[in-house]
Every structure is written in structure tokens, then in C-alpha cells.
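K.L.:
Have a look at this one.
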Amino acid sequence: MLRQVDYIVLFVAVVLLQLFLFDNIQISGLLHINVYILFVIALPVTITPGLLLILAALSGVVIDFFSGTSGLATMSVVLMAFLRPTILRLFIGTGGNVDSAPVSGRIGTAKFLRYAFTMTLVYNVAFFMLESLSLEHFYHTLLRIIVSTAVSLCVIYFCQLPLIHPKERI
């Protein structure tokens with residue numbers, strides 16, 4: 001189980017990575033890598049829903065403030081956090097160590113990738129649909145969702161690997 005200090009370090013690390021590295025990567029406006037959502041993805045399974053939503057909103061507000069996204073990140077990450085318990089039940093189930101963080105070394109790589117893919121997809125669909133606020137450029141928005149989800153998932157997978165202590169690796 002990750003300790004509270006580990007989560008504070010994770011929060012600071014992913015926010016700094018998001019703000020100083022991934023927000024500066026632009027490829028024709030198609031790619032928007034969201035690594036900071038790893039903070040919400042990796043929170044313990046047993047976290048209370050209220051605290052989960054507060055922490056998600058806090059991370060979204062920080063990103064919105066420094067990135068100038070006018071609440072898009074906050075709305076998207078809160079929606080993702082709201083759906084997280086249902087997504088966890090669908091992909092992880094109720095068995096196993098329910099007091100741990102749902103990272104690949106604890107739940108398995110395949111389960112983690114399905115869970116993280118769904119969480120990332122929910123975030124990106126909400127973010128890009130709210131950003132466009134129309135269906136006029138639907139195919140361009142769909143392409144942005146697909147590309148950003150694929151690349152973000154790869155980055156999230158590699159960023160979550162250090163969260164696993166060596167004795168817990170599968």
C-alpha cells in the first residue's frame with residue numbers, strides 16, 4: 001500500500017511533468033498528453049468517494065490554473081473520478097487486496113491497461129468534447145481523442161511502474 005507521503009510526491013511529480021514537459025509537446029494540435037490523471041488512477045481502491053472527488057477536483061484546478069484551460073481539466077477529471085468506482089468494479093472486481101493502489105504490479109498488467117485505458121478515454125472524451133462544444137469538427141475531435149488516449153496510456157503505464165515496490169512486483 002502506498003503511504004500518504006507517496007501520494008503527495010506522486011501528485012507533485014505528475015503535476016510538474018504535466019506542466020513543464022507534456023503541456024509543451026504539440027503535434028498539429030492532435031496530441032495532448034495527460035499524465036497528471038495518473039494521480040486519480042493510482043489512488044487506493046478503498047478511498048472514500050467524497051475524498052476521491054475532492055482530490056480529483058484539486059488536481060484539475062491546479063492544472064487549469066497553470067495551463068489556462070478554464071475549467072476543462074477540472075470537469076473532465078471529476079467526471080473520471082465519479083466513474084472510477086464503477087470502472088474499478090468492472091475491470092478489477094472486488095477480490096484481491098482492496099486496500100492497495102490499482103497499479104500493474106498489484107492487479108496485473110492486462111487489468112491495469114484495461115482500467116487505465118477506460119479512465120483515460122473517459123477523461124479525453126470529456127475534455128475534447130467540452131473543448132469543442134459542437135459536433136462540427138467531430139472527426140477531428142475523434143482523432144484527437146484516439147491519439148491522445150493512446151499516447152497518454154503509454155506514458156501513464158511507464159510512469160506508474162516506479163509506484164510498485166520491488167517485493168510487490170508480479
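FYI, nothing fancy with the C-alpha cells labels: chains A, B, ... in order, residues from 1 per chain, ligands from 1 as they appear.
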Tell me which protein, DNA and RNA residues are within 9 Å of Ser59 of chain A, counting only C-alpha atoms, leaving out same-chain ones fewer than 3 positions away, and put them as a list in words.

P.N.:
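Near neighbours after the sequence-gap exclusion: Phe11, Val15, Tyr36, Ile37, Phe39, Val40, Ile54, Leu55, Ala56, Val62, Ile63, Asp64, Ala73, Thr74 and Val77 of chain A.
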
K.L.:
Go ahead and dump the residues you just picked, N, CA and C atoms, as a tab-separated table (two decimals), in the first residue's frame.

P.N.:
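Listed below is the output, part_13.tsv:
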chain	number	residue	atom	x	y	z
A	11	PHE	N	1.58	13.28	-6.63
A	11	PHE	CA	0.83	14.44	-7.08
A	11	PHE	C	1.77	15.53	-7.60
A	15	VAL	N	2.08	16.53	-11.63
A	15	VAL	CA	1.71	17.92	-11.98
A	15	VAL	C	2.90	18.64	-12.61
A	36	TYR	N	-1.10	13.69	-15.61
A	36	TYR	CA	-1.50	14.02	-14.24
A	36	TYR	C	-2.69	13.20	-13.78
A	37	ILE	N	-3.45	12.62	-14.69
A	37	ILE	CA	-4.59	11.80	-14.28
A	37	ILE	C	-4.14	10.49	-13.62
A	39	PHE	N	-2.53	10.36	-11.02
A	39	PHE	CA	-2.77	10.57	-9.59
A	39	PHE	C	-4.13	10.00	-9.18
A	40	VAL	N	-5.17	10.27	-9.95
A	40	VAL	CA	-6.51	9.76	-9.64
A	40	VAL	C	-6.58	8.26	-9.92
A	54	ILE	N	-12.82	15.25	-4.21
A	54	ILE	CA	-12.09	16.45	-3.76
A	54	ILE	C	-10.66	16.44	-4.31
A	55	LEU	N	-9.98	15.30	-4.22
A	55	LEU	CA	-8.61	15.21	-4.73
A	55	LEU	C	-8.57	15.37	-6.25
A	56	ALA	N	-9.56	14.81	-6.92
A	56	ALA	CA	-9.63	14.97	-8.38
A	56	ALA	C	-9.86	16.43	-8.74
A	62	VAL	N	-5.52	22.78	-10.18
A	62	VAL	CA	-4.10	23.13	-10.31
A	62	VAL	C	-3.70	23.15	-11.79
A	63	ILE	N	-4.10	22.13	-12.54
A	63	ILE	CA	-3.77	22.08	-13.96
A	63	ILE	C	-4.45	23.21	-14.71
A	64	ASP	N	-5.72	23.46	-14.42
A	64	ASP	CA	-6.44	24.56	-15.08
A	64	ASP	C	-5.78	25.90	-14.80
A	73	ALA	N	-10.07	20.84	-17.50
A	73	ALA	CA	-9.38	19.74	-16.83
A	73	ALA	C	-10.14	19.34	-15.56
A	74	THR	N	-10.63	20.33	-14.82
A	74	THR	CA	-11.35	20.03	-13.58
A	74	THR	C	-12.62	19.24	-13.88
A	77	VAL	N	-11.63	15.61	-15.11
A	77	VAL	CA	-11.05	14.71	-14.11
A	77	VAL	C	-12.06	14.39	-13.01

K.L.:
With only C-alpha atoms as the counted atoms, please give the residues lying no more than 8 Å from Glu131 of chain A, apart from itself and same-chain residues fewer than 3 positions off, as a list of chain:residue names.

P.N.:
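With the cut-off at 8 Å, the set is A:Leu72, A:Phe127, A:Phe128.
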
K.L.:
Could you list, as JSON, numbers by chain, every residue within 6 Å of Ala101 of chain A, counting only C-alpha atoms and ignoring same-chain residues fewer than 5 positions away?

P.N.:
{"A": [42, 43, 44]}

K.L.:
Tell me, as a PDB file with N, CA and C atoms, in the first residue's frame, which residues lie within 10 Å of Leu143 of chain A, counting only C-alpha atoms; anything in the same chain fewer than 5 positions away does not count.

P.N.:
ATOM      1  N   LEU A  30      -3.135  17.778 -32.420  1.00  0.00           N
ATOM      2  CA  LEU A  30      -3.799  16.487 -32.230  1.00  0.00           C
ATOM      3  C   LEU A  30      -3.473  15.842 -30.897  1.00  0.00           C
ATOM      4  N   LEU A  31      -2.286  16.056 -30.403  1.00  0.00           N
ATOM      5  CA  LEU A  31      -1.798  15.321 -29.247  1.00  0.00           C
ATOM      6  C   LEU A  31      -1.827  16.188 -27.995  1.00  0.00           C
ATOM      7  N   PHE A 138     -16.400  16.894 -35.713  1.00  0.00           N
ATOM      8  CA  PHE A 138     -16.488  15.644 -34.973  1.00  0.00           C
ATOM      9  C   PHE A 138     -15.318  14.713 -35.267  1.00  0.00           C
ATOM     10  N   SER A 148      -4.608  11.057 -28.408  1.00  0.00           N
ATOM     11  CA  SER A 148      -4.252  11.466 -27.051  1.00  0.00           C
ATOM     12  C   SER A 148      -4.432  10.333 -26.049  1.00  0.00           C
ATOM     13  N   THR A 149      -5.471   9.529 -26.225  1.00  0.00           N
ATOM     14  CA  THR A 149      -5.690   8.402 -25.320  1.00  0.00           C
ATOM     15  C   THR A 149      -4.581   7.368 -25.468  1.00  0.00           C
TER      16      THR A 149
END
